[in-house]
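Structure file target13.txt; described as compact mmCIF, C-alpha atoms and all ligand atoms.
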# COMPACT_ATOMS: atom_id res chain seq x y z
CA MET A 71 -69.14 -54.16 -1.70
CA PRO A 72 -70.44 -51.40 0.58
CA ASP A 73 -67.62 -51.94 2.78
CA ILE A 74 -65.55 -51.36 -0.14
CA ALA A 75 -67.73 -48.43 -1.19
CA GLN A 76 -67.78 -47.23 2.34
CA TYR A 77 -64.18 -47.79 2.48
CA SER A 78 -63.83 -46.18 -0.85
CA SER A 79 -65.82 -43.10 0.21
CA TYR A 80 -64.06 -43.11 3.52
CA SER A 81 -60.82 -43.51 1.73
CA SER A 82 -61.66 -40.67 -0.67
CA LEU A 83 -62.41 -38.52 2.36
CA GLY A 84 -59.13 -39.69 3.79
CA LYS A 85 -57.44 -38.88 0.48
CA ASN A 86 -58.88 -35.34 0.60
CA ALA A 87 -57.80 -34.96 4.17
CA CYS A 88 -54.39 -36.22 3.12
CA LEU A 89 -54.25 -33.76 0.24
CA VAL A 90 -55.27 -30.92 2.55
CA PHE A 91 -52.68 -32.08 4.99
CA ILE A 92 -50.00 -32.28 2.28
CA VAL A 93 -50.96 -28.88 0.96
CA LEU A 94 -50.80 -27.55 4.52
CA LEU A 95 -47.44 -29.22 4.98
CA LEU A 96 -46.25 -27.59 1.78
CA LEU A 97 -47.73 -24.25 2.75
CA ILE A 98 -46.37 -24.17 6.28
CA PRO A 99 -42.75 -24.50 5.32
CA ALA A 100 -43.39 -22.07 2.46
CA CYS A 101 -44.78 -19.56 4.96
CA LYS A 102 -41.91 -20.27 7.29
CA PHE A 103 -39.49 -19.89 4.42
CA GLU A 104 -41.14 -16.60 3.47
CA ARG A 105 -40.94 -15.46 7.06
CA ASN A 106 -37.32 -16.49 7.16
CA MET A 107 -36.78 -14.53 3.97
CA ASN A 108 -38.44 -11.53 5.59
CA GLN A 109 -36.37 -12.04 8.69
CA ASN A 110 -33.29 -12.36 6.53
CA ASN A 111 -34.25 -9.24 4.67
CA GLN A 112 -34.84 -7.47 7.93
CA SER A 113 -31.65 -8.83 9.40
CA SER A 114 -29.74 -8.07 6.19
CA THR A 115 -31.03 -4.53 6.45
CA SER A 116 -29.98 -4.43 10.05
CA ILE A 117 -26.62 -6.07 9.12
CA GLU A 118 -26.20 -3.36 6.52
CA THR A 119 -26.86 -0.79 9.20
CA THR A 120 -24.29 -2.31 11.52
CA ASN A 121 -22.04 -2.82 8.48
CA ASN A 122 -21.81 0.93 8.14
CA ASP A 123 -19.49 0.99 11.12
CA PRO A 124 -15.93 2.03 10.29
CA ILE A 125 -14.43 -1.44 10.82
CA SER A 126 -16.87 -3.10 8.39
CA ILE A 127 -16.33 -0.38 5.79
CA HIS A 128 -12.58 -0.77 6.23
CA GLN A 129 -12.69 -4.58 5.96
CA ARG A 130 -14.80 -4.44 2.77
CA ALA A 131 -12.43 -2.05 1.00
CA ILE A 132 -9.45 -3.38 -0.96
CA ALA A 133 -6.53 -1.79 0.88
CA ILE A 134 -3.30 -1.43 -1.10
CA ASP A 135 -0.20 -0.02 0.57
CA MET A 136 2.09 1.27 -2.16
CA HIS A 137 5.33 1.26 -0.17
CA ALA A 138 6.95 -0.65 2.71
CA ASP A 139 10.63 -1.51 3.20
CA THR A 140 10.07 -4.94 4.74
CA ALA A 141 11.94 -6.79 1.94
CA GLN A 142 15.19 -5.59 3.51
CA ARG A 143 14.16 -7.14 6.83
CA LEU A 144 13.46 -10.43 5.04
CA LEU A 145 16.94 -10.34 3.59
CA ASP A 146 19.11 -8.78 6.32
CA GLU A 147 17.35 -10.05 9.44
CA ASN A 148 15.70 -13.18 8.10
CA VAL A 149 12.50 -12.17 9.92
CA ASP A 150 9.55 -14.55 9.89
CA LEU A 151 6.61 -12.45 8.69
CA GLN A 152 4.15 -15.21 9.63
CA GLN A 153 4.76 -14.32 13.29
CA GLU A 154 3.64 -11.18 15.03
CA LEU A 155 6.98 -9.40 15.37
CA SER A 156 7.75 -7.35 18.47
CA ASP A 157 9.57 -4.70 16.45
CA GLY A 158 9.17 -2.98 13.10
CA HIS A 159 5.85 -1.99 11.57
CA PHE A 160 4.82 -4.92 9.42
CA ASP A 161 4.17 -8.67 9.40
CA ALA A 162 1.38 -10.91 8.10
CA VAL A 163 -0.38 -11.09 11.48
CA ARG A 164 -0.55 -7.32 11.91
CA ALA A 165 -1.32 -6.78 8.21
CA LYS A 166 -4.35 -9.07 8.47
CA ALA A 167 -5.47 -7.39 11.69
CA GLY A 168 -5.19 -4.08 9.86
CA GLY A 169 -7.35 -5.27 6.98
CA LEU A 170 -4.56 -4.93 4.41
CA ASP A 171 -5.10 -6.66 1.07
CA ALA A 172 -2.03 -5.85 -0.99
CA GLN A 173 1.49 -4.75 -0.16
CA PHE A 174 3.98 -3.28 -2.59
CA PHE A 175 7.37 -4.31 -1.17
CA SER A 176 10.02 -1.72 -1.93
CA ILE A 177 13.11 -3.15 -3.58
CA TRP A 178 15.48 -0.51 -2.26
CA VAL A 179 19.14 -0.31 -3.20
CA GLU A 180 20.99 2.04 -0.87
CA PRO A 181 23.61 3.55 -3.20
CA GLN A 182 26.00 4.46 -0.36
CA LEU A 183 26.29 0.76 0.47
CA PHE A 184 25.76 -0.95 -2.88
CA GLY A 185 26.61 1.65 -5.54
CA ALA A 186 24.44 3.83 -7.75
CA THR A 187 25.11 1.46 -10.69
CA GLY A 188 26.95 -1.81 -11.23
CA ALA A 189 26.77 -5.48 -10.32
CA ARG A 190 26.45 -4.96 -6.54
CA ALA A 191 23.43 -2.67 -6.97
CA MET A 192 21.80 -5.25 -9.24
CA LYS A 193 22.53 -8.08 -6.83
CA ARG A 194 21.05 -6.14 -3.91
CA ALA A 195 17.82 -5.68 -5.89
CA ASP A 196 17.81 -9.29 -7.12
CA ASP A 197 18.28 -10.63 -3.57
CA GLN A 198 15.30 -8.63 -2.26
CA ILE A 199 13.13 -9.77 -5.17
CA ALA A 200 14.12 -13.37 -4.42
CA ALA A 201 13.20 -12.82 -0.74
CA VAL A 202 9.71 -11.52 -1.62
CA ARG A 203 9.13 -14.36 -4.08
CA ALA A 204 10.28 -16.88 -1.44
CA LEU A 205 7.83 -15.39 1.05
CA ALA A 206 4.91 -16.04 -1.31
CA GLU A 207 6.21 -19.51 -2.26
CA LYS A 208 6.74 -20.59 1.36
CA HIS A 209 3.37 -19.29 2.57
CA PRO A 210 0.85 -19.65 -0.28
CA GLU A 211 -1.95 -19.81 2.30
CA THR A 212 -1.19 -16.19 3.25
CA TRP A 213 0.45 -14.54 0.25
CA ALA A 214 -0.17 -14.49 -3.48
CA LEU A 215 2.55 -13.00 -5.67
CA ALA A 216 0.82 -10.38 -7.84
CA THR A 217 1.71 -8.09 -10.73
CA SER A 218 -1.65 -6.58 -11.71
CA GLY A 219 -4.94 -5.25 -10.46
CA ASP A 220 -6.63 -8.52 -11.46
CA ASP A 221 -4.04 -10.47 -9.44
CA ILE A 222 -4.90 -8.31 -6.42
CA ARG A 223 -8.64 -8.92 -6.91
CA ALA A 224 -8.02 -12.69 -7.25
CA ALA A 225 -5.92 -12.71 -4.06
CA VAL A 226 -8.69 -10.88 -2.17
CA ASN A 227 -11.31 -13.33 -3.47
CA SER A 228 -9.27 -16.27 -2.20
CA GLY A 229 -8.71 -14.66 1.20
CA LYS A 230 -5.00 -13.97 0.67
CA MET A 231 -2.85 -10.86 0.69
CA ALA A 232 -1.19 -9.84 -2.57
CA ALA A 233 2.58 -9.28 -2.59
CA LEU A 234 3.83 -6.86 -5.23
CA MET A 235 7.17 -5.16 -5.86
CA GLY A 236 8.51 -1.74 -6.83
CA LEU A 237 12.10 -0.59 -7.38
CA GLU A 238 13.05 2.39 -5.22
CA GLY A 239 15.72 4.28 -7.12
CA GLY A 240 16.79 3.24 -10.61
CA TYR A 241 20.27 2.20 -9.47
CA ALA A 242 19.74 -1.49 -10.22
CA ILE A 243 19.06 -0.98 -13.93
CA ASP A 244 22.78 -0.18 -14.15
CA GLU A 245 22.23 2.55 -16.78
CA ARG A 246 21.02 -0.03 -19.32
CA LEU A 247 17.61 0.19 -20.94
CA GLU A 248 17.27 -3.59 -21.38
CA ASN A 249 17.37 -3.99 -17.59
CA VAL A 250 13.99 -2.23 -17.26
CA LYS A 251 12.45 -5.26 -18.98
CA ARG A 252 14.66 -7.58 -16.91
CA TYR A 253 13.08 -6.21 -13.72
CA TYR A 254 9.61 -6.13 -15.26
CA ASP A 255 10.01 -9.83 -16.06
CA MET A 256 11.07 -10.46 -12.45
CA GLY A 257 7.73 -8.99 -11.30
CA VAL A 258 8.61 -5.34 -10.57
CA ARG A 259 5.64 -3.06 -11.35
CA TYR A 260 6.89 0.40 -10.43
CA MET A 261 10.20 2.22 -10.33
CA SER A 262 11.31 5.61 -9.03
CA PRO A 263 14.20 6.83 -11.17
CA ALA A 264 16.13 8.07 -8.11
CA TRP A 265 16.07 7.72 -4.34
CA SER A 266 17.95 10.30 -2.22
CA ILE A 267 21.01 10.32 -4.49
CA SER A 268 20.72 11.41 -8.12
CA THR A 269 21.46 8.94 -10.88
CA SER A 270 23.39 10.07 -13.95
CA TRP A 271 20.03 10.12 -15.75
CA ALA A 272 17.56 11.41 -13.09
CA GLY A 273 17.74 14.11 -10.40
CA SER A 274 16.93 13.39 -6.74
CA SER A 275 15.19 15.69 -4.25
CA GLY A 276 17.80 14.58 -1.71
CA ASP A 277 21.05 16.04 -3.07
CA ASP A 278 22.40 19.29 -4.50
CA VAL A 279 22.90 18.04 -8.05
CA GLY A 280 19.19 17.18 -8.21
CA ARG A 281 18.19 20.84 -7.93
CA THR A 282 19.08 21.36 -11.57
CA ARG A 283 19.02 17.79 -12.88
CA GLY A 284 15.87 16.46 -14.50
CA LEU A 285 15.89 13.50 -16.89
CA ASN A 286 18.50 13.29 -19.62
CA GLU A 287 17.67 11.61 -22.95
CA PHE A 288 18.44 8.16 -21.51
CA GLY A 289 16.14 8.95 -18.55
CA LYS A 290 13.33 9.87 -20.92
CA ASN A 291 13.88 6.60 -22.78
CA VAL A 292 13.62 4.75 -19.47
CA VAL A 293 10.21 6.37 -18.88
CA ARG A 294 9.11 5.45 -22.43
CA GLU A 295 10.26 1.86 -21.91
CA MET A 296 8.35 1.70 -18.61
CA ASN A 297 5.23 3.00 -20.41
CA ARG A 298 5.69 0.38 -23.12
CA LEU A 299 6.02 -2.47 -20.63
CA GLY A 300 3.34 -1.35 -18.19
CA MET A 301 5.61 -0.41 -15.28
CA ILE A 302 4.37 2.57 -13.25
CA VAL A 303 6.69 5.59 -13.00
CA ASP A 304 7.04 6.67 -9.34
CA VAL A 305 7.96 10.30 -8.66
CA SER A 306 8.56 9.92 -4.90
CA HIS A 307 12.14 11.08 -4.16
CA VAL A 308 12.84 12.65 -7.57
CA SER A 309 13.87 16.32 -7.94
CA ASP A 310 11.44 18.98 -9.13
CA PRO A 311 13.03 19.17 -12.62
CA ALA A 312 12.90 15.35 -12.87
CA PHE A 313 9.23 15.41 -11.80
CA TRP A 314 8.36 17.79 -14.65
CA ASP A 315 10.38 15.80 -17.19
CA ILE A 316 8.57 12.63 -16.09
CA VAL A 317 5.01 14.03 -16.35
CA ASN A 318 5.87 15.62 -19.70
CA THR A 319 7.35 12.36 -21.07
CA SER A 320 5.05 9.69 -19.68
CA THR A 321 2.01 8.68 -21.71
CA ALA A 322 0.64 6.61 -18.78
CA PRO A 323 -0.61 7.69 -15.34
CA VAL A 324 2.24 8.83 -13.07
CA VAL A 325 2.20 7.96 -9.37
CA ALA A 326 3.87 9.10 -6.15
CA THR A 327 4.11 5.92 -4.06
CA HIS A 328 4.98 7.60 -0.73
CA SER A 329 4.88 11.40 -0.67
CA ALA A 330 2.81 14.21 0.82
CA CYS A 331 1.95 17.89 0.27
CA ARG A 332 4.57 20.63 0.34
CA ALA A 333 1.79 23.17 1.04
CA ILE A 334 1.47 21.61 4.52
CA ALA A 335 4.96 20.23 5.25
CA ASP A 336 7.59 22.15 3.31
CA VAL A 337 10.18 19.47 2.52
CA PRO A 338 11.73 18.82 -0.93
CA ARG A 339 10.40 15.22 -0.88
CA ASN A 340 6.81 16.52 -0.98
CA LEU A 341 4.78 17.69 -3.97
CA THR A 342 3.71 21.28 -4.62
CA ASP A 343 0.07 21.98 -5.50
CA GLU A 344 1.13 22.57 -9.10
CA MET A 345 2.80 19.15 -9.17
CA ILE A 346 -0.26 17.44 -7.65
CA ARG A 347 -2.45 18.99 -10.38
CA ALA A 348 -0.04 17.88 -13.12
CA LEU A 349 0.14 14.34 -11.69
CA ALA A 350 -3.66 14.14 -11.49
CA ASN A 351 -3.83 15.27 -15.13
CA THR A 352 -1.91 12.12 -16.11
CA GLY A 353 -4.63 10.09 -14.35
CA GLY A 354 -2.21 9.25 -11.53
CA VAL A 355 -2.40 8.99 -7.74
CA VAL A 356 -0.54 10.62 -4.84
CA ASN A 357 -0.15 7.93 -2.19
CA VAL A 358 0.22 9.74 1.12
CA ILE A 359 3.15 8.68 3.30
CA PHE A 360 2.71 8.02 7.05
CA TYR A 361 6.07 9.50 8.10
CA PRO A 362 5.93 12.51 10.49
CA GLU A 363 8.81 14.32 8.74
CA HIS A 364 6.79 14.62 5.55
CA LEU A 365 3.48 15.30 7.34
CA GLU A 366 4.00 17.77 10.16
CA PRO A 367 4.98 21.42 9.56
CA GLY A 368 8.35 22.22 11.18
CA TRP A 369 9.04 18.61 12.21
CA SER A 370 11.87 18.24 9.68
CA GLN A 371 13.79 21.20 11.18
CA LYS A 372 13.32 19.81 14.68
CA LYS A 373 14.57 16.42 13.47
CA LYS A 374 17.73 18.03 12.07
CA GLN A 375 18.39 19.53 15.51
CA VAL A 376 17.86 16.18 17.20
CA ASP A 377 20.11 14.47 14.63
CA ALA A 378 22.90 16.88 15.62
CA GLU A 379 22.28 16.23 19.34
CA ILE A 380 22.42 12.44 18.98
CA ALA A 381 25.20 12.21 16.35
CA THR A 382 27.81 10.82 18.79
CA MET A 383 25.36 8.33 20.25
CA VAL A 384 24.46 7.12 16.74
CA GLN A 385 28.12 6.74 15.74
CA GLU A 386 28.93 4.84 18.91
CA ALA A 387 26.10 2.38 18.28
CA SER A 388 27.37 1.90 14.74
CA ALA A 389 30.97 1.29 15.91
CA ALA A 390 29.81 -1.16 18.58
CA GLU A 391 27.94 -3.28 16.00
CA PRO A 392 30.36 -5.94 14.74
CA GLY A 393 28.22 -7.00 11.76
CA ALA A 394 28.14 -5.98 8.11
CA ALA A 395 27.36 -2.46 6.86
CA VAL A 396 23.60 -3.17 6.73
CA HIS A 397 23.69 -4.25 10.38
CA LYS A 398 25.62 -1.14 11.36
CA LYS A 399 22.91 0.90 9.67
CA MET A 400 20.25 -1.00 11.63
CA ALA A 401 22.13 -0.21 14.87
CA ARG A 402 22.16 3.50 13.96
CA ASP A 403 18.43 3.40 13.14
CA ARG A 404 17.61 1.75 16.47
CA VAL A 405 19.17 4.70 18.32
CA ARG A 406 17.36 7.17 16.04
CA SER A 407 14.01 5.42 16.64
CA ARG A 408 14.46 5.55 20.40
CA GLU A 409 15.67 9.16 20.50
CA TYR A 410 13.13 10.55 17.99
CA ALA A 411 10.35 9.07 20.15
CA ARG A 412 11.84 10.77 23.21
CA ARG A 413 12.83 14.11 21.74
CA LEU A 414 10.37 14.90 18.93
CA PRO A 415 6.69 15.86 19.23
CA PRO A 416 4.29 13.02 18.40
CA VAL A 417 2.29 13.38 15.19
CA ASN A 418 -1.24 12.00 15.06
CA VAL A 419 -2.86 9.89 12.31
CA ALA A 420 -5.24 12.83 11.76
CA ARG A 421 -2.34 14.70 10.11
CA ILE A 422 -2.24 12.04 7.37
CA VAL A 423 -5.87 12.84 6.63
CA ASP A 424 -5.02 16.57 6.47
CA HIS A 425 -2.80 15.72 3.48
CA ILE A 426 -5.49 13.50 1.94
CA ASP A 427 -7.99 16.37 2.39
CA HIS A 428 -5.63 18.82 0.73
CA ILE A 429 -5.19 16.58 -2.32
CA VAL A 430 -8.95 15.91 -2.56
CA LYS A 431 -9.66 19.66 -2.45
CA LEU A 432 -7.10 20.28 -5.18
CA VAL A 433 -7.87 17.48 -7.64
CA GLY A 434 -10.79 15.42 -6.35
CA ILE A 435 -11.24 12.02 -4.75
CA ASP A 436 -9.79 9.97 -7.66
CA HIS A 437 -6.13 10.87 -7.22
CA VAL A 438 -5.22 9.96 -3.67
CA GLY A 439 -4.03 6.72 -2.05
CA ILE A 440 -1.75 5.42 0.70
CA GLY A 441 1.98 4.56 0.86
CA SER A 442 3.01 3.91 4.46
CA ASP A 443 6.82 3.62 4.21
CA PHE A 444 6.53 1.13 7.11
CA ASP A 445 9.86 -0.45 8.06
CA GLY A 446 11.60 2.32 6.12
CA VAL A 447 11.21 5.05 8.73
CA GLN A 448 12.45 5.37 12.31
CA ILE A 449 9.20 6.71 13.70
CA THR A 450 5.51 6.51 12.79
CA THR A 451 2.37 8.41 13.74
CA THR A 452 0.32 8.00 16.91
CA GLY A 453 -2.77 5.98 16.03
CA LEU A 454 -1.10 4.41 12.99
CA ALA A 455 2.11 3.13 14.53
CA THR A 456 1.99 -0.18 12.64
CA VAL A 457 -0.06 -1.72 9.84
CA ALA A 458 -2.36 -3.26 12.48
CA GLU A 459 -3.80 0.21 13.14
CA LEU A 460 -4.77 0.91 9.53
CA PRO A 461 -8.52 0.95 10.41
CA ASN A 462 -7.87 4.17 12.38
CA LEU A 463 -7.21 5.92 9.07
CA THR A 464 -10.66 4.85 7.84
CA LYS A 465 -12.22 5.99 11.14
CA GLU A 466 -10.63 9.42 10.73
CA LEU A 467 -11.77 9.67 7.08
CA LEU A 468 -15.36 8.76 7.98
CA SER A 469 -15.40 11.19 10.90
CA ARG A 470 -14.53 13.95 8.43
CA GLY A 471 -17.47 13.11 6.21
CA TYR A 472 -15.90 10.83 3.62
CA SER A 473 -18.31 8.15 2.36
CA ALA A 474 -17.68 4.39 2.21
CA GLU A 475 -17.19 4.80 -1.55
CA ASP A 476 -14.58 7.52 -0.95
CA VAL A 477 -12.79 5.22 1.51
CA ASN A 478 -12.76 2.45 -1.13
CA LYS A 479 -11.06 4.79 -3.58
CA ILE A 480 -8.51 6.13 -1.12
CA LEU A 481 -7.52 2.78 0.37
CA GLY A 482 -6.93 1.07 -2.96
CA GLY A 483 -9.59 1.69 -5.61
CA ASN A 484 -7.67 4.54 -7.21
CA MET A 485 -4.49 2.47 -7.45
CA LEU A 486 -6.46 -0.47 -8.90
CA ARG A 487 -7.58 1.92 -11.65
CA VAL A 488 -3.97 2.92 -12.38
CA LEU A 489 -2.75 -0.69 -12.31
CA ASP A 490 -5.46 -1.59 -14.84
CA ALA A 491 -4.61 1.42 -17.00
CA VAL A 492 -0.86 0.82 -17.29
CA LYS A 493 -1.24 -2.85 -18.17
CA ARG A 494 0.33 -3.62 -21.51
ZN ZN A 501 11.47 6.18 0.21

Could the structure of this file be written out as structure tokens, please?
Ligand SMILES: [Zn+2]
Amino acid sequence: MPDIAQYSSYSSLGKNACLVFIVLLLLIPACKFERNMNQNNQSSTSIETTNNDPISIHQRAIAIDMHADTAQRLLDENVDLQQELSDGHFDAVRAKAGGLDAQFFSIWVEPQLFGATGARAMKRADDQIAAVRALAEKHPETWALATSGDDIRAAVNSGKMAALMGLEGGYAIDERLENVKRYYDMGVRYMSPAWSISTSWAGSSGDDVGRTRGLNEFGKNVVREMNRLGMIVDVSHVSDPAFWDIVNTSTAPVVATHSACRAIADVPRNLTDEMIRALANTGGVVNVIFYPEHLEPGWSQKKKQVDAEIATMVQEASAAEPGAAVHKKMARDRVRSREYARRLPPVNVARIVDHIDHIVKLVGIDHVGIGSDFDGVQITTTGLATVAELPNLTKELLSRGYSAEDVNKILGGNMLRVLDAVKR
């Protein structure tokens, strides 16, 4: 059976050759795989290098805007936020382009139109809340209704934007403590006790009575109830005495959702250095507003002059508008927008970062955030005219030496910390 033996020896040679071949086959892809790994490592290093560009840093950060007035547009103008709108400052298309991850929609009750208490004030708030909820229900591919830091993180992980709500001015609670929980249950996660007109229980920075009015006993109980529920107390718009009563009453971090520094722009709406220190001591965050009047020294006085110059024009536009009071207000604001742009000096996005710098120097990197006031103001800054230009803020921060980690904190990380802390 030599043939067989021969065959056998031949075959054993063949077997060895086969084994060598198989081993080689196994080794080659392994080497290739290893090389790929090396290439990947190299390319991941090089990706990391390119990822240090401002846009990548911006896109990676969780960006939370603490204040925009777009809920009124949903209600009064029936705008479709899925489209890129030709006016205003905010829609889903521009928000995505701007790398925004979470928007707090302001539920604003204008007391001159709807009362500082009562059923009409409540209805105005309820209608805006319903409009925000409808937005998320109609477009679940874009929006996720959120009430916590974890909700925001979950929305980001599923590629959606989080929609949250805050009450601007405590008018809608109708001077009843039980209504704080009513609004909490409807999804509201912050409230400023007063907007530009004082409530009976909290002073505003916008009227004369606010200069001496802080919180009365009911107002302090409102703050305690908010603490109990896990609703953030917002000091934007309140009077100085009300600010101090709030920080001295609250046992949870206190936040300014859209304010700036009085040391730079001396307007009553802004916070003094002493106030910023006290707010930081509560663990809170000053979210810097993007509105020129609160950013630029002297701009507020110039605006008052312009308001006097255009008063007749504004009234005429209002009279010519046949619609309801809210539409008359929109007509007035359209004239203001146009005339402010023509008559007032432009303010650059860099000025926003001046305020951020000031707060960081006073109290460190952990107590500053952003609150645009988009769709609530008649004019915005150059370079950050709409939410689509939000990356320019990150560019400016990085150019001043802030790190990627700092940017994460400023854009939303600090507010995530507060949202986690106030949770019941
Ligand atoms: Zn406001």

Item to check | Which of A:Ala264, A:Ala491, A:Ala224, A:Val317 sits closest to ligand ZN 501 (chain A) [using all atoms listed in the file] | outcome: A:Ala264

Next on the checklist: Around the point (-4.1, 7.1, 14.5) (coordinates from the file), which residues reach within 6 Å if we count all atoms listed in the file? Answer as a PyMOL selection string.
Outcome noted: chain A and resi 418-419+452-454+462

Item to check | Pick from A:Asp197, A:Asp277, A:Asp343, A:Asp443 nearest to ligand ZN 501 (chain A), counting only C-alpha atoms and all ligand atoms | outcome: A:Asp443

Next on the checklist: Please identify all protein, DNA and RNA residues within 7 Å of ligand ZN 501 (chain A), counting only C-alpha atoms and all ligand atoms, and report them as a PyMOL selection string.
Outcome noted: chain A and resi 238+265+306-307+328+443

Can you write just those residues out, C-alpha atoms, as a CSV table (one decimal), keeping the file's coordinate frame?
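See out-v1.csv below for the written result:
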chain,number,residue,atom,x,y,z
A,238,GLU,CA,13.0,2.4,-5.2
A,265,TRP,CA,16.1,7.7,-4.3
A,306,SER,CA,8.6,9.9,-4.9
A,307,HIS,CA,12.1,11.1,-4.2
A,328,HIS,CA,5.0,7.6,-0.7
A,443,ASP,CA,6.8,3.6,4.2

Next on the checklist: For a quick check of understanding, using all atoms listed in the file, which of A:Asp427, A:Asp139, A:Asp220, A:Gly368 has the smallest distance to Gln448 (chain A)?
Outcome noted: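 With all atoms listed in the file as the atom set, the closest residue is A:Asp139.
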
Checklist entry - So which one's closest to Phe288 (chain A), A:Asp304, A:Arg252, A:Ala186, A:Arg246? Using all atoms listed in the file, please. => result A:Arg246

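Interatomic distance, CA of Arg281 (chain A) to CA of Pro263 (chain A): 14.9 Å.
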
Checklist entry - Which neighbours of Val457 (chain A) fall inside 9 Å, counting all atoms listed in the file, when residues of the same chain fewer than 4 positions from it are skipped, and could you give them as a PyMOL selection string? => result chain A and resi 159-161+164-170+442+444+461

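Closest to Pro181 (chain A) among A:Thr140, A:Thr269, A:Asn291, A:Gln371 is A:Thr269, based on all atoms listed in the file.
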
Item to check | Pick from A:Ala335, A:Val305, A:Val279, A:Ala387 nearest to Leu349 (chain A), counting all atoms listed in the file | outcome: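 Closest residue, counting all atoms listed in the file: A:Val305.
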
Item to check | Near-Val337 (chain A) list (12 Å; all atoms listed in the file; drop same-chain fewer than 3 positions) as a list in words | outcome: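 Near Val337 (chain A), the qualifying residues are Ser275, Gly276, His307, Ser309, Asp310, Ser329, Ala330, Cys331, Arg332, Ala333, Ile334, Asn340, Leu341, Thr342, Pro362, Glu363, His364, Leu365, Glu366, Pro367, Gly368, Trp369, Ser370 and Gln371 of chain A.
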
Checklist outcome for this item: re CA of Ala272 (chain A) and CA of Lys290 (chain A): distance 9.0 Å

Next on the checklist: Please list as a ChimeraX atom specification every residue within 10 Å of Glu147 (chain A), counting all atoms listed in the file and excluding residues in the same chain fewer than 3 positions away.
Outcome noted: /A:141-144,150,396-397,400

Checklist outcome for this item: One decimal place gives the CA of Tyr241 (chain A)-CA of Met192 (chain A) separation as 7.6 Å

Item to check | Surrounding residues of region 435-440 of chain A excluding itself and chain neighbours under 6 positions, 7 Å, all atoms listed in the file, as a PyMOL selection string | outcome: chain A and resi 135-136+350+354-359+426+429+476+479-482+484-485

Using C-alpha atoms, can you write the selected residues to a file as an mmCIF file, in the frame of the given file?
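So part28.cif came out as:
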data_model
loop_
_atom_site.group_PDB
_atom_site.id
_atom_site.type_symbol
_atom_site.label_atom_id
_atom_site.label_comp_id
_atom_site.auth_asym_id
_atom_site.auth_seq_id
_atom_site.Cartn_x
_atom_site.Cartn_y
_atom_site.Cartn_z
ATOM 1 C CA ASP A 135 -0.200 -0.020 0.570
ATOM 2 C CA MET A 136 2.090 1.270 -2.160
ATOM 3 C CA ALA A 350 -3.660 14.140 -11.490
ATOM 4 C CA GLY A 354 -2.210 9.250 -11.530
ATOM 5 C CA VAL A 355 -2.400 8.990 -7.740
ATOM 6 C CA VAL A 356 -0.540 10.620 -4.840
ATOM 7 C CA ASN A 357 -0.150 7.930 -2.190
ATOM 8 C CA VAL A 358 0.220 9.740 1.120
ATOM 9 C CA ILE A 359 3.150 8.680 3.300
ATOM 10 C CA ILE A 426 -5.490 13.500 1.940
ATOM 11 C CA ILE A 429 -5.190 16.580 -2.320
ATOM 12 C CA ASP A 476 -14.580 7.520 -0.950
ATOM 13 C CA LYS A 479 -11.060 4.790 -3.580
ATOM 14 C CA ILE A 480 -8.510 6.130 -1.120
ATOM 15 C CA LEU A 481 -7.520 2.780 0.370
ATOM 16 C CA GLY A 482 -6.930 1.070 -2.960
ATOM 17 C CA ASN A 484 -7.670 4.540 -7.210
ATOM 18 C CA MET A 485 -4.490 2.470 -7.450
#

Item to check | Selection near Gly236 (chain A), 6 Å with all atoms listed in the file, sequence-local residues under 5 positions removed, as a VMD selection string | outcome: chain A and resid 176 to 177 258 to 261

Include C-alpha atoms and write out the residues we just selected as a PDB file, keeping the file's coordinate frame.
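Final output, saved to selection05.pdb:
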ATOM      1  CA  SER A 176      10.020  -1.720  -1.930  1.00  0.00           C
ATOM      2  CA  ILE A 177      13.110  -3.150  -3.580  1.00  0.00           C
ATOM      3  CA  VAL A 258       8.610  -5.340 -10.570  1.00  0.00           C
ATOM      4  CA  ARG A 259       5.640  -3.060 -11.350  1.00  0.00           C
ATOM      5  CA  TYR A 260       6.890   0.400 -10.430  1.00  0.00           C
ATOM      6  CA  MET A 261      10.200   2.220 -10.330  1.00  0.00           C
TER       7      MET A 261
END
